[in-house]
>>> print(open('model_14.cif').read())   # mmCIF, C-alpha atoms
data_target
loop_
_atom_site.label_atom_id
_atom_site.label_comp_id
_atom_site.auth_asym_id
_atom_site.auth_seq_id
_atom_site.Cartn_x
_atom_site.Cartn_y
_atom_site.Cartn_z
CA MET A 1 0.86 10.69 -8.98
CA LYS A 2 1.80 7.16 -7.89
CA LEU A 3 -0.84 4.54 -7.09
CA VAL A 4 0.00 1.85 -4.52
CA ILE A 5 -2.35 -1.06 -3.87
CA PHE A 6 -2.34 -2.81 -0.49
CA THR A 7 -3.53 -6.42 -0.37
CA LYS A 8 -6.45 -7.41 1.81
CA SER A 9 -5.15 -8.11 5.32
CA THR A 10 -6.35 -11.74 5.10
CA PHE A 11 -5.66 -14.41 2.47
CA PHE A 12 -8.48 -15.76 0.29
CA VAL A 13 -8.96 -18.30 -2.48
CA GLU A 14 -9.08 -16.13 -5.63
CA GLU A 15 -6.36 -13.75 -4.46
CA ASP A 16 -3.60 -14.84 -6.86
CA LYS A 17 -5.97 -14.66 -9.85
CA ILE A 18 -7.14 -11.15 -8.91
CA LEU A 19 -3.60 -9.90 -8.27
CA THR A 20 -2.48 -11.31 -11.63
CA ALA A 21 -5.39 -9.55 -13.35
CA LEU A 22 -4.46 -6.29 -11.57
CA PHE A 23 -0.82 -6.60 -12.68
CA GLU A 24 -2.03 -7.22 -16.24
CA GLU A 25 -4.20 -4.11 -15.93
CA GLY A 26 -1.11 -2.03 -15.09
CA MET A 27 -0.63 -2.25 -11.32
CA ASP A 28 3.05 -1.56 -10.72
CA ASN A 29 3.28 -1.24 -6.92
CA LEU A 30 1.69 -3.86 -4.68
CA HIS A 31 2.21 -3.96 -0.91
CA LEU A 32 1.84 -7.46 0.52
CA TYR A 33 0.26 -6.52 3.83
CA LYS A 34 -0.91 -9.48 5.93
CA PRO A 35 -0.35 -8.47 9.57
CA GLY A 36 0.05 -11.33 12.03
CA SER A 37 0.01 -14.04 9.35
CA SER A 38 2.29 -17.04 8.95
CA PRO A 39 5.06 -16.58 6.35
CA MET A 40 4.02 -19.90 4.82
CA TYR A 41 0.85 -18.29 3.40
CA SER A 42 2.79 -15.40 1.87
CA GLU A 43 5.19 -17.88 0.28
CA ARG A 44 2.28 -19.82 -1.16
CA LEU A 45 0.69 -16.68 -2.61
CA LEU A 46 3.98 -15.53 -4.13
CA SER A 47 4.59 -18.95 -5.67
CA LEU A 48 1.22 -18.68 -7.46
CA LEU A 49 2.20 -15.37 -9.09
CA SER A 50 4.45 -15.01 -12.12
CA ASP A 51 7.99 -14.04 -11.15
CA ASP A 52 7.64 -11.23 -13.73
CA TYR A 53 5.71 -9.35 -11.03
CA TYR A 54 8.04 -9.89 -8.06
CA LYS A 55 9.93 -6.62 -8.57
CA LYS A 56 6.62 -4.76 -8.19
CA ILE A 57 5.90 -6.26 -4.75
CA THR A 58 6.90 -4.84 -1.34
CA VAL A 59 6.56 -6.94 1.84
CA HIS A 60 5.53 -5.64 5.27
CA ASP A 61 6.54 -8.73 7.26
CA HIS A 62 8.83 -11.72 6.86
CA TYR A 63 11.51 -9.61 5.24
CA TYR A 64 13.53 -12.66 4.13
CA LEU A 65 10.94 -13.04 1.34
CA LYS A 66 12.47 -9.98 -0.35
CA ASN A 67 15.69 -11.81 -1.17
CA GLU A 68 14.13 -15.24 -1.56
CA TYR A 69 11.76 -14.06 -4.29
CA GLY A 70 13.68 -11.03 -5.57
CA LEU A 71 10.92 -8.65 -4.47
CA GLY A 72 10.98 -4.89 -4.94
CA GLY A 73 11.53 -3.94 -1.31
CA ILE A 74 10.30 -3.97 2.28
CA ASN A 75 8.09 -1.60 4.28
CA ILE A 76 8.77 -0.68 7.90
CA ASP A 77 5.36 -0.25 9.54
CA ASN A 78 6.64 1.29 12.76
CA PRO A 79 8.24 4.71 12.16
CA GLU A 80 10.50 4.19 15.19
CA SER A 81 11.86 0.81 14.05
CA PRO A 82 15.33 0.62 12.52
CA LEU A 83 16.03 -1.20 9.27
CA PRO A 84 16.74 -4.91 9.72
CA GLU A 85 20.43 -5.43 10.42
CA GLY A 86 22.51 -5.67 7.26
CA TYR A 87 19.54 -4.87 5.00
CA LYS A 88 20.51 -3.48 1.62
CA GLY A 89 17.89 -2.48 -0.89
CA ASN A 90 14.76 -0.42 -1.37
CA PHE A 91 12.50 0.27 1.57
CA SER A 92 9.53 2.44 2.44
CA ARG A 93 8.13 3.52 5.80
CA THR A 94 4.74 4.19 7.33
CA CYS A 95 4.41 7.29 9.52
CA THR A 96 1.43 8.21 11.65
CA ARG A 97 2.46 11.78 12.48
CA ILE A 98 3.47 14.69 10.25
CA ASP A 99 6.53 15.44 12.41
CA GLN A 100 7.96 11.99 11.57
CA LEU A 101 8.06 12.65 7.83
CA LYS A 102 11.20 14.75 7.56
CA GLU A 103 13.44 12.13 9.16
CA ALA A 104 11.70 9.17 7.49
CA LYS A 105 12.08 10.65 4.00
CA ARG A 106 15.82 10.95 4.36
CA LYS A 107 16.61 7.39 3.32
CA ALA A 108 13.34 5.70 2.40
CA ARG A 109 12.33 5.43 -1.24
CA TYR A 110 8.94 6.84 -0.24
CA VAL A 111 6.96 7.29 2.95
CA PHE A 112 3.29 6.74 3.77
CA LEU A 113 1.45 9.15 6.02
CA ASP A 114 -1.38 7.16 7.62
CA TYR A 115 -4.83 8.30 8.80
CA VAL A 116 -5.18 10.95 6.10
CA PHE A 117 -8.91 10.28 5.61
CA ASP A 118 -11.53 8.44 7.69
CA GLY A 119 -11.00 4.67 7.48
CA ILE A 120 -12.93 2.33 5.18
CA THR A 121 -11.76 -1.09 6.33
CA LEU A 122 -11.98 0.16 9.94
CA PRO A 123 -14.66 2.91 9.92
CA GLN A 124 -13.92 3.72 13.59
CA GLN A 125 -10.50 4.92 12.48
CA LYS A 126 -10.84 8.66 11.92
CA ALA A 127 -8.53 11.03 10.05
CA ALA A 128 -5.74 12.18 12.37
CA HIS A 129 -4.74 15.35 10.49
CA THR A 130 -6.83 18.32 9.39
CA PRO A 131 -6.68 19.49 5.76
CA GLU A 132 -5.10 22.71 7.07
CA GLN A 133 -2.31 20.78 8.84
CA LEU A 134 -1.64 18.79 5.67
CA LYS A 135 -1.53 21.87 3.47
CA GLU A 136 0.83 23.56 5.92
CA ALA A 137 3.08 20.46 5.89
CA ALA A 138 3.16 20.61 2.08
CA LYS A 139 4.04 24.30 2.22
CA ARG A 140 6.99 23.47 4.47
CA GLY A 141 8.13 20.71 2.13
CA TRP A 142 7.39 17.85 4.55
CA ILE A 143 4.72 16.48 2.23
CA ASP A 144 6.02 16.17 -1.32
CA LYS A 145 6.32 13.67 -4.17
CA HIS A 146 7.98 11.14 -1.83
CA VAL A 147 5.06 11.10 0.63
CA TYR A 148 1.97 9.02 -0.15
CA ALA A 149 -1.45 9.33 1.48
CA LEU A 150 -2.66 6.21 3.31
CA GLY A 151 -5.89 5.52 5.15
CA GLY A 152 -9.38 5.99 3.75
CA VAL A 153 -8.22 6.78 0.20
CA THR A 154 -11.06 6.39 -2.30
CA LEU A 155 -11.72 7.25 -5.92
CA ASP A 156 -13.57 10.33 -4.64
CA ASN A 157 -10.73 11.81 -2.58
CA ILE A 158 -7.65 11.08 -4.74
CA LYS A 159 -7.92 14.61 -6.17
CA ALA A 160 -8.01 16.06 -2.63
CA ALA A 161 -4.82 14.12 -1.79
CA LYS A 162 -3.20 15.47 -4.94
CA ASP A 163 -4.25 19.03 -4.03
CA MET A 164 -2.72 18.59 -0.57
CA GLY A 165 0.66 17.90 -2.17
CA PHE A 166 0.94 14.12 -1.83
CA GLY A 167 3.04 12.37 -4.47
CA GLY A 168 1.00 9.19 -4.32
CA VAL A 169 -1.91 7.37 -2.71
CA ALA A 170 -2.30 3.90 -1.22
CA VAL A 171 -5.65 2.16 -1.72
CA ARG A 172 -7.02 -0.86 0.13
CA GLY A 173 -10.65 -0.88 1.28
CA ASP A 174 -12.02 1.14 -1.64
CA LEU A 175 -10.75 -1.55 -4.03
CA TRP A 176 -11.30 -4.76 -2.07
CA ASN A 177 -14.83 -3.78 -1.03
CA ARG A 178 -15.75 -4.36 -4.68
CA PHE A 179 -15.36 -8.11 -4.23
CA ASP A 180 -17.12 -10.36 -1.71
CA ILE A 181 -14.66 -13.18 -0.99
CA HIS A 182 -17.46 -15.40 0.35
CA ASN A 183 -20.10 -15.03 -2.37
CA GLN A 184 -18.47 -13.82 -5.57
CA VAL A 185 -16.30 -15.46 -8.18
CA ASP A 186 -16.52 -12.69 -10.76
CA TYR A 187 -14.11 -9.86 -10.01
CA LYS A 188 -14.77 -7.69 -13.08
CA GLU A 189 -16.15 -4.85 -10.93
CA LEU A 190 -12.93 -4.78 -8.88
CA ILE A 191 -10.74 -4.65 -12.00
CA ALA A 192 -12.92 -1.92 -13.52
CA HIS A 193 -12.63 0.08 -10.30
CA PHE A 194 -8.84 -0.30 -10.36
CA ALA A 195 -8.81 1.17 -13.89
CA LYS A 196 -10.74 4.21 -12.56
CA LEU A 197 -8.33 4.60 -9.61
CA ARG A 198 -5.39 4.47 -11.98
CA LYS A 199 -6.91 7.11 -14.24
CA ALA A 200 -7.71 9.37 -11.25
CA ALA A 201 -4.14 9.07 -9.93
CA GLY A 202 -2.97 9.77 -13.46
#
>>> encode(input="model_14.cif", output="structure tokens")
Amino acid sequence: MKLVIFTKSTFFVEEDKILTALFEEGMDNLHLYKPGSSPMYSERLLSLLSDDYYKKITVHDHYYLKNEYGLGGINIDNPESPLPEGYKGNFSRTCTRIDQLKEAKRKARYVFLDYVFDGITLPQQKAAHTPEQLKEAAKRGWIDKHVYALGGVTLDNIKAAKDMGFGGVAVRGDLWNRFDIHNQVDYKELIAHFAKLRKAAG
């Protein structure tokens, strides 16, 4: 099962050091997800990372960064949006409804289905699909190894996602909640938690 890590939605001081440590720990798929931010900050963050890691990074905005830094691909957050004109290369998509998966999977390298579990970063965001609906979608082949669970994924429910037929999981809040950007400088707990996530995804 694949493990995708989403960045925190805001930039912070130790971010490049933590991302480097995560790459060294074996992270091989990072989604640079900074909605509404200036591209200048993404450029700065990328410039602080070793270019050895660029192929493992996917951007959600400012798609020109993909070519400028030789990144792994881009993610289209809106399932209705077309690919940028003339774009060639890897891309993934985020879907919010099960009925969008079949079409989205056709060309994307992989597809996220959002709102699988109750939100962590935004607790008011509740799961939008019942376990029964997800199992039925897997039975019909809509959820398979190319569809990754997004939204509320934690160490405790990775197995449930696997049992529902997802080929991967995307983690954000469950990882970044292990580090307080305002009061902590030691991020050992976060790295240790990543190692557990990786083992659980197996």
>>> residues_near_point(input="model_14.cif", point="(2.4, 8.0, -7.6)", cutoff="10 Å", atoms="all atoms listed in the file", output="list of chain:residue names")
A:Met1, A:Lys2, A:Leu3, A:Val4, A:Asn29, A:Tyr110, A:Lys145, A:His146, A:Val147, A:Tyr148, A:Ala149, A:Lys162, A:Phe166, A:Gly167, A:Gly168, A:Val169, A:Ala170, A:Arg198, A:Ala201, A:Gly202
>>> resolve_selection(input="model_14.cif", expression="the PyMOL selection byres ((chain A and resi 173) around 10)", output="PyMOL selection string")
chain A and resi 5-9+119-122+151-154+170-172+174-178
>>> resolve_selection(input="model_14.cif", expression="the PyMOL selection byres ((chain A and resi 39) around 10)", output="VMD selection string")
chain A and resid 34 36 to 38 40 to 45 61 to 65
>>> write_last_selection(input="model_14.cif", atoms="C-alpha atoms", output="tab-separated table (two decimals), in the coordinates of the input")
chain	number	residue	atom	x	y	z
A	34	LYS	CA	-0.91	-9.48	5.93
A	36	GLY	CA	0.05	-11.33	12.03
A	37	SER	CA	0.01	-14.04	9.35
A	38	SER	CA	2.29	-17.04	8.95
A	40	MET	CA	4.02	-19.90	4.82
A	41	TYR	CA	0.85	-18.29	3.40
A	42	SER	CA	2.79	-15.40	1.87
A	43	GLU	CA	5.19	-17.88	0.28
A	44	ARG	CA	2.28	-19.82	-1.16
A	45	LEU	CA	0.69	-16.68	-2.61
A	61	ASP	CA	6.54	-8.73	7.26
A	62	HIS	CA	8.83	-11.72	6.86
A	63	TYR	CA	11.51	-9.61	5.24
A	64	TYR	CA	13.53	-12.66	4.13
A	65	LEU	CA	10.94	-13.04	1.34
>>> residues_around(input="model_14.cif", residues="Pro82 of chain A", least_positions_apart="2", cutoff="12 Å", atoms="only C-alpha atoms", output="number ranges by chain")
A: 75-80, 84-87, 91-93, 104, 107-108
>>> resolve_selection(input="model_14.cif", expression="the PyMOL selection byres ((chain A and resi 56) around 10)", output="MDAnalysis selection string")
chainID A and resid 23 27:31 51:55 57:58 70:73
>>> residues_around(input="model_14.cif", residues="His129 of chain A", least_positions_apart="6", cutoff="9 Å", atoms="all atoms listed in the file", output="CSV table (one decimal) with C-alpha atoms, in the coordinates of the input")
chain,number,residue,atom,x,y,z
A,97,ARG,CA,2.5,11.8,12.5
A,98,ILE,CA,3.5,14.7,10.2
A,115,TYR,CA,-4.8,8.3,8.8
A,116,VAL,CA,-5.2,11.0,6.1
A,117,PHE,CA,-8.9,10.3,5.6
>>> atom_distance(input="model_14.cif", atom1="atom CA of Val111 of chain A", atom2="atom CA of Ala160 of chain A")
18.2 Å
>>> atom_distance(input="model_14.cif", atom1="atom CA of Ser50 of chain A", atom2="atom CA of Asn183 of chain A")
26.4 Å
>>> closest_residue(input="model_14.cif", among="A:Ala21, A:Leu155, A:Cys95, A:Met164", to="Thr130 of chain A", atoms="only C-alpha atoms")
A:Met164
>>> residues_around(input="model_14.cif", residues="Lys135 of chain A", least_positions_apart="4", cutoff="10 Å", atoms="only C-alpha atoms", output="ChimeraX atom specification")
/A:130-131,139-143,161,163-166
>>> closest_residue(input="model_14.cif", among="A:Ala127, A:Leu101, A:Ala138, A:Leu32", to="Leu150 of chain A", atoms="all atoms listed in the file")
A:Ala127
>>> closest_residue(input="model_14.cif", among="A:Glu136, A:Val59, A:Leu49, A:Gly26", to="Phe194 of chain A", atoms="all atoms listed in the file")
A:Gly26
>>> decode(input="model_14.cif", residues="segment 18-29 of chain A", atoms="all heavy atoms", output="compact mmCIF listing (two decimals), in the first residue's frame")
# COMPACT_ATOMS: atom_id res chain seq x y z
N ILE A 18 12.50 19.26 8.55
CA ILE A 18 11.63 18.11 8.82
C ILE A 18 11.39 17.31 7.54
O ILE A 18 11.46 16.07 7.55
CB ILE A 18 10.28 18.57 9.44
CG1 ILE A 18 10.55 19.15 10.84
CG2 ILE A 18 9.29 17.42 9.51
CD1 ILE A 18 9.31 19.66 11.55
N LEU A 19 11.14 18.00 6.43
CA LEU A 19 10.91 17.28 5.17
C LEU A 19 12.15 16.49 4.76
O LEU A 19 12.06 15.35 4.31
CB LEU A 19 10.50 18.26 4.06
CG LEU A 19 9.13 18.92 4.23
CD1 LEU A 19 8.86 19.89 3.10
CD2 LEU A 19 8.01 17.88 4.30
N THR A 20 13.33 17.08 4.95
CA THR A 20 14.58 16.38 4.64
C THR A 20 14.71 15.13 5.49
O THR A 20 15.04 14.04 5.00
CB THR A 20 15.79 17.31 4.86
OG1 THR A 20 15.70 18.40 3.94
CG2 THR A 20 17.10 16.58 4.64
N ALA A 21 14.40 15.27 6.80
CA ALA A 21 14.47 14.11 7.70
C ALA A 21 13.47 13.03 7.27
O ALA A 21 13.77 11.83 7.33
CB ALA A 21 14.20 14.55 9.14
N LEU A 22 12.28 13.45 6.82
CA LEU A 22 11.28 12.48 6.37
C LEU A 22 11.75 11.76 5.10
O LEU A 22 11.58 10.54 4.97
CB LEU A 22 9.93 13.17 6.11
CG LEU A 22 9.15 13.61 7.35
CD1 LEU A 22 7.99 14.52 6.96
CD2 LEU A 22 8.63 12.40 8.14
N PHE A 23 12.35 12.51 4.18
CA PHE A 23 12.88 11.87 2.96
C PHE A 23 13.97 10.85 3.34
O PHE A 23 14.01 9.74 2.81
CB PHE A 23 13.46 12.90 2.00
CG PHE A 23 12.43 13.60 1.15
CD1 PHE A 23 12.30 14.99 1.17
CD2 PHE A 23 11.58 12.88 0.32
CE1 PHE A 23 11.36 15.64 0.38
CE2 PHE A 23 10.63 13.51 -0.48
CZ PHE A 23 10.52 14.90 -0.44
N GLU A 24 14.81 11.25 4.30
CA GLU A 24 15.89 10.34 4.73
C GLU A 24 15.32 9.09 5.40
O GLU A 24 15.92 8.02 5.35
CB GLU A 24 16.85 11.07 5.68
CG GLU A 24 17.76 12.05 4.95
CD GLU A 24 18.56 12.95 5.89
OE1 GLU A 24 18.36 12.86 7.12
OE2 GLU A 24 19.36 13.75 5.37
N GLU A 25 14.16 9.25 5.99
CA GLU A 25 13.49 8.14 6.69
C GLU A 25 12.73 7.23 5.71
O GLU A 25 12.19 6.21 6.09
CB GLU A 25 12.53 8.73 7.73
CG GLU A 25 12.00 7.79 8.79
CD GLU A 25 13.07 7.17 9.68
OE1 GLU A 25 14.03 7.87 10.07
OE2 GLU A 25 12.95 5.98 9.97
N GLY A 26 12.68 7.65 4.42
CA GLY A 26 12.06 6.78 3.42
C GLY A 26 10.80 7.32 2.76
O GLY A 26 10.17 6.62 1.98
N MET A 27 10.43 8.58 3.06
CA MET A 27 9.26 9.15 2.38
C MET A 27 9.56 9.24 0.89
O MET A 27 10.58 9.78 0.48
CB MET A 27 8.97 10.56 2.95
CG MET A 27 7.86 11.30 2.22
SD MET A 27 7.38 12.84 3.05
CE MET A 27 8.84 13.87 2.77
N ASP A 28 8.65 8.69 0.06
CA ASP A 28 8.93 8.73 -1.38
C ASP A 28 7.81 9.39 -2.19
O ASP A 28 7.85 9.38 -3.41
CB ASP A 28 9.22 7.32 -1.92
CG ASP A 28 8.05 6.38 -1.73
OD1 ASP A 28 6.98 6.83 -1.26
OD2 ASP A 28 8.20 5.18 -2.03
N ASN A 29 6.82 9.99 -1.48
CA ASN A 29 5.76 10.70 -2.20
C ASN A 29 5.23 11.83 -1.33
O ASN A 29 4.45 11.60 -0.41
CB ASN A 29 4.63 9.73 -2.57
CG ASN A 29 3.65 10.34 -3.55
OD1 ASN A 29 3.51 11.55 -3.64
ND2 ASN A 29 2.94 9.50 -4.28
